[in-house]
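Colleague: Below you will find the structure I want to go over with you.
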Amino acid sequence: MSNFNYEDLIVDIPDYPEPGVVFKDITPLLADPQGLGSVIDDIADHFMKRGITKVVGAEARGFLVGAPVAYRLGAGFVPARKPGKLPRDVYKQSYALEYGTDTLEMHKDAMGPDDRVLIVDDLIATGGTALATAKLCEQTGAKVEGFSFILELAFLNPRKVIAKEYPQEMYTLVQVK
């Protein structure tokens with residue numbers, strides 16, 4: 001991992017989206033050329049020799065990280081989208097959020113049994129989005145090889161949640177304890 005200080009470009013926004021929540025805004029990190037480059041390079045370098053054939057990013061900020069990581073890995077990028085955004089036959093997976101429930105969809109033909117998948121997103125909190133994304137990948141027959149995130153809200157114990165169903169590595173750049 002690089003020596004880049006990611007925390008300096010992540011801004012805390014108190015009481016957003018509701019009172020008592022401290023939102024971690026990564027947009028300054030993504031706006032900084034060196035910060036964005038370090039994020040992409042650190043994640044891609046970490047998974048470079050794992051045989052990843054597809055990178056999956058959840059809508060929407062997972063797209064911002066996942067697509068350039070896929071490019072660096074020489075892999076394809078597959079979006080996990082909100083309902084109604086994909087035009088062909090899809091698999092669906094509902095999941096719990098910190099503030100309710102949601103659903104993700106993926107094209108049924110997006111990948112198959114020969115694919116080795118890295119799931120990438122900007123943040124992992126409770127683990128619901130990551131688990132839903134992994135389950136979508138499994139529905140296609142693909143094998144999940146790992147998970148990576150810019151931010152991990154470690155105080156919510158997402159590693160334990162993920163590990164109950166997926167023993168694969170979870171790699172994060174910043175842990176908020």
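Every chain in the structure tokens has a letter given in the order shown (A, B, ...), and although residue numbers restart at 1 in each chain, ligands are simply numbered from 1 in the order shown.
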Considering only helix (DSSP H, G or I) as DSSP defines it on the backbone, what residues of range 47-97 of chain A qualify? List them as a count of residues only.
Modeller: 14
Colleague: Compile the contact shell of range 141-153 of chain A as an MDAnalysis selection string: residues with an atom at most 8 Å away, counting only C-alpha atoms, same-chain residues fewer than 3 positions apart removed.
Modeller: chainID A and resid 39 43 50 52 111:126 130 134 137:138 156:158 168:177
Colleague: Write the selection just made, keeping N, CA, C and O atoms, as a short mmCIF file (atom, residue, chain, number, x, y, z; two decimals), in the first residue's frame?
Modeller:
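Output file out_29.cif is given in full below:
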data_model
loop_
_atom_site.label_atom_id
_atom_site.label_comp_id
_atom_site.auth_asym_id
_atom_site.auth_seq_id
_atom_site.Cartn_x
_atom_site.Cartn_y
_atom_site.Cartn_z
N VAL A 39 -5.79 5.53 -4.64
CA VAL A 39 -6.88 4.59 -4.35
C VAL A 39 -6.89 3.46 -5.37
O VAL A 39 -6.88 2.28 -5.03
N ILE A 43 -5.58 -0.54 -4.54
CA ILE A 43 -6.50 -1.67 -4.64
C ILE A 43 -6.05 -2.62 -5.75
O ILE A 43 -5.97 -3.84 -5.55
N ARG A 50 -4.11 -12.21 -8.59
CA ARG A 50 -5.16 -13.11 -8.09
C ARG A 50 -6.02 -13.69 -9.21
O ARG A 50 -6.99 -14.39 -8.92
N ILE A 52 -8.06 -12.14 -11.25
CA ILE A 52 -9.38 -11.50 -11.32
C ILE A 52 -9.75 -11.28 -12.79
O ILE A 52 -8.98 -10.72 -13.56
N MET A 111 -21.48 -12.43 -16.32
CA MET A 111 -20.31 -13.28 -16.03
C MET A 111 -20.77 -14.70 -15.89
O MET A 111 -21.98 -14.97 -15.92
N GLY A 112 -19.81 -15.60 -15.73
CA GLY A 112 -20.16 -17.01 -15.65
C GLY A 112 -19.18 -17.79 -14.79
O GLY A 112 -18.33 -17.22 -14.11
N PRO A 113 -19.26 -19.12 -14.85
CA PRO A 113 -18.48 -19.98 -13.97
C PRO A 113 -16.95 -19.84 -14.11
O PRO A 113 -16.23 -20.19 -13.18
N ASP A 114 -16.48 -19.34 -15.23
CA ASP A 114 -15.03 -19.18 -15.41
C ASP A 114 -14.51 -17.86 -14.83
O ASP A 114 -13.30 -17.63 -14.83
N ASP A 115 -15.41 -17.02 -14.32
CA ASP A 115 -14.99 -15.70 -13.83
C ASP A 115 -14.63 -15.72 -12.35
O ASP A 115 -15.29 -16.38 -11.54
N ARG A 116 -13.56 -14.97 -12.06
CA ARG A 116 -13.09 -14.75 -10.69
C ARG A 116 -13.29 -13.26 -10.41
O ARG A 116 -12.74 -12.42 -11.11
N VAL A 117 -14.06 -12.97 -9.36
CA VAL A 117 -14.60 -11.63 -9.15
C VAL A 117 -14.00 -10.93 -7.93
O VAL A 117 -13.86 -11.53 -6.86
N LEU A 118 -13.69 -9.65 -8.13
CA LEU A 118 -13.36 -8.75 -7.04
C LEU A 118 -14.52 -7.77 -6.89
O LEU A 118 -14.91 -7.13 -7.87
N ILE A 119 -15.08 -7.66 -5.70
CA ILE A 119 -16.16 -6.73 -5.42
C ILE A 119 -15.54 -5.47 -4.81
O ILE A 119 -14.80 -5.56 -3.83
N VAL A 120 -15.85 -4.32 -5.42
CA VAL A 120 -15.25 -3.05 -5.01
C VAL A 120 -16.36 -2.03 -4.75
O VAL A 120 -17.32 -1.94 -5.51
N ASP A 121 -16.18 -1.26 -3.68
CA ASP A 121 -17.11 -0.16 -3.39
C ASP A 121 -16.35 0.91 -2.62
O ASP A 121 -15.21 0.69 -2.20
N ASP A 122 -16.99 2.05 -2.45
CA ASP A 122 -16.33 3.14 -1.74
C ASP A 122 -16.30 2.89 -0.24
O ASP A 122 -15.34 3.23 0.43
N LEU A 123 -17.36 2.26 0.30
CA LEU A 123 -17.51 2.14 1.75
C LEU A 123 -18.17 0.83 2.11
O LEU A 123 -19.06 0.36 1.39
N ILE A 124 -17.74 0.25 3.22
CA ILE A 124 -18.48 -0.86 3.81
C ILE A 124 -18.85 -0.45 5.23
O ILE A 124 -18.02 0.00 6.00
N ALA A 125 -20.15 -0.59 5.51
CA ALA A 125 -20.67 -0.22 6.83
C ALA A 125 -21.19 -1.49 7.52
O ALA A 125 -20.47 -2.14 8.25
N THR A 126 -22.42 -1.86 7.22
CA THR A 126 -23.01 -3.05 7.85
C THR A 126 -22.73 -4.31 7.05
O THR A 126 -22.93 -5.41 7.55
N ALA A 130 -22.38 -5.32 0.17
CA ALA A 130 -21.34 -6.25 -0.27
C ALA A 130 -21.87 -7.68 -0.34
O ALA A 130 -21.58 -8.40 -1.30
N ALA A 134 -22.17 -9.98 -3.70
CA ALA A 134 -21.56 -11.32 -3.77
C ALA A 134 -22.59 -12.37 -4.16
O ALA A 134 -22.31 -13.26 -4.98
N CYS A 137 -23.25 -12.23 -7.82
CA CYS A 137 -22.15 -12.87 -8.56
C CYS A 137 -22.30 -14.39 -8.55
O CYS A 137 -22.12 -15.05 -9.58
N GLU A 138 -22.63 -14.94 -7.40
CA GLU A 138 -22.81 -16.38 -7.29
C GLU A 138 -23.96 -16.89 -8.16
O GLU A 138 -23.89 -17.99 -8.69
N LEU A 156 -18.91 -0.98 13.10
CA LEU A 156 -20.13 -1.70 12.75
C LEU A 156 -19.87 -3.19 12.48
O LEU A 156 -20.79 -3.93 12.14
N ASN A 157 -18.61 -3.61 12.58
CA ASN A 157 -18.20 -5.01 12.43
C ASN A 157 -18.55 -5.65 11.09
O ASN A 157 -19.02 -6.80 11.04
N PRO A 158 -18.30 -4.97 9.97
CA PRO A 158 -18.65 -5.58 8.69
C PRO A 158 -17.83 -6.83 8.37
O PRO A 158 -18.32 -7.72 7.67
N GLN A 168 -13.37 -15.02 1.98
CA GLN A 168 -12.42 -14.32 1.13
C GLN A 168 -11.94 -13.03 1.82
O GLN A 168 -12.62 -12.46 2.67
N GLU A 169 -10.77 -12.58 1.39
CA GLU A 169 -10.17 -11.39 1.97
C GLU A 169 -11.01 -10.14 1.74
O GLU A 169 -11.58 -9.93 0.68
N MET A 170 -11.04 -9.30 2.77
CA MET A 170 -11.63 -7.97 2.67
C MET A 170 -10.49 -6.97 2.91
O MET A 170 -9.93 -6.92 3.99
N TYR A 171 -10.17 -6.20 1.88
CA TYR A 171 -9.07 -5.24 1.91
C TYR A 171 -9.63 -3.83 1.91
O TYR A 171 -10.43 -3.49 1.04
N THR A 172 -9.23 -3.03 2.89
CA THR A 172 -9.69 -1.64 2.96
C THR A 172 -8.50 -0.71 3.11
O THR A 172 -7.46 -1.08 3.65
N LEU A 173 -8.66 0.52 2.63
CA LEU A 173 -7.60 1.51 2.70
C LEU A 173 -7.66 2.33 3.99
O LEU A 173 -6.62 2.74 4.50
N VAL A 174 -8.86 2.56 4.51
CA VAL A 174 -9.03 3.35 5.74
C VAL A 174 -10.06 2.65 6.62
O VAL A 174 -11.15 2.32 6.16
N GLN A 175 -9.70 2.43 7.88
CA GLN A 175 -10.63 1.88 8.86
C GLN A 175 -11.02 2.97 9.84
O GLN A 175 -10.16 3.63 10.41
N VAL A 176 -12.33 3.14 10.03
CA VAL A 176 -12.86 4.07 11.01
C VAL A 176 -13.30 3.23 12.20
O VAL A 176 -14.20 2.41 12.08
N LYS A 177 -12.60 3.41 13.32
CA LYS A 177 -12.88 2.55 14.49
C LYS A 177 -13.85 3.19 15.45
O LYS A 177 -14.12 4.32 15.46
#
Colleague: Residues near Asp41 in chain A, anyone? I mean within 9 Å using only C-alpha atoms, not counting same-chain ones fewer than 2 positions away, as a list in words.
Modeller: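 Surrounding residues, per the criterion: Met1, Ser2, Leu36, Gly37, Ser38, Val39, Ile43, Ala44, Asp45, His46, Val69 and Arg72 of chain A.
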Colleague: Can you list, as a PyMOL selection string, every protein, DNA or RNA residue that comes within 9 Å of range 93-102 of chain A when you count only C-alpha atoms, leaving out same-chain residues fewer than 4 positions away?
Modeller: chain A and resi 82-83+106+125-129+131-133+135-136
Colleague: Write to file, as a CSV table (one decimal), in the first residue's frame, the residues of the selection just made, with C-alpha atoms.
Modeller:
chain,number,residue,atom,x,y,z
A,82,LYS,CA,-30.6,-0.3,-8.7
A,83,PRO,CA,-33.8,-1.8,-9.9
A,106,MET,CA,-27.1,-7.7,-12.4
A,125,ALA,CA,-20.7,-0.2,6.8
A,126,THR,CA,-23.0,-3.1,7.8
A,127,GLY,CA,-22.0,-5.3,5.0
A,128,GLY,CA,-25.4,-5.6,3.4
A,129,THR,CA,-24.5,-4.1,0.0
A,131,LEU,CA,-23.2,-9.4,0.6
A,132,ALA,CA,-26.0,-8.7,-1.9
A,133,THR,CA,-23.4,-8.1,-4.6
A,135,LYS,CA,-24.8,-13.2,-3.9
A,136,LEU,CA,-25.6,-11.7,-7.3
Colleague: As a list in words, please: the residues near Leu73 in chain A (cut-off 9 Å, only C-alpha atoms, same-chain neighbours under 6 positions excluded).
Modeller: Ala44, Asp45, Phe47, Met48, Lys49, Gly51, Ile52, Thr53, Lys54 and Val55 of chain A
Colleague: Just how far from CA of Thr103 in chain A is CA of Ile162 in chain A, in Å to one decimal?
Modeller: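 Those two atoms sit 17.7 Å apart.
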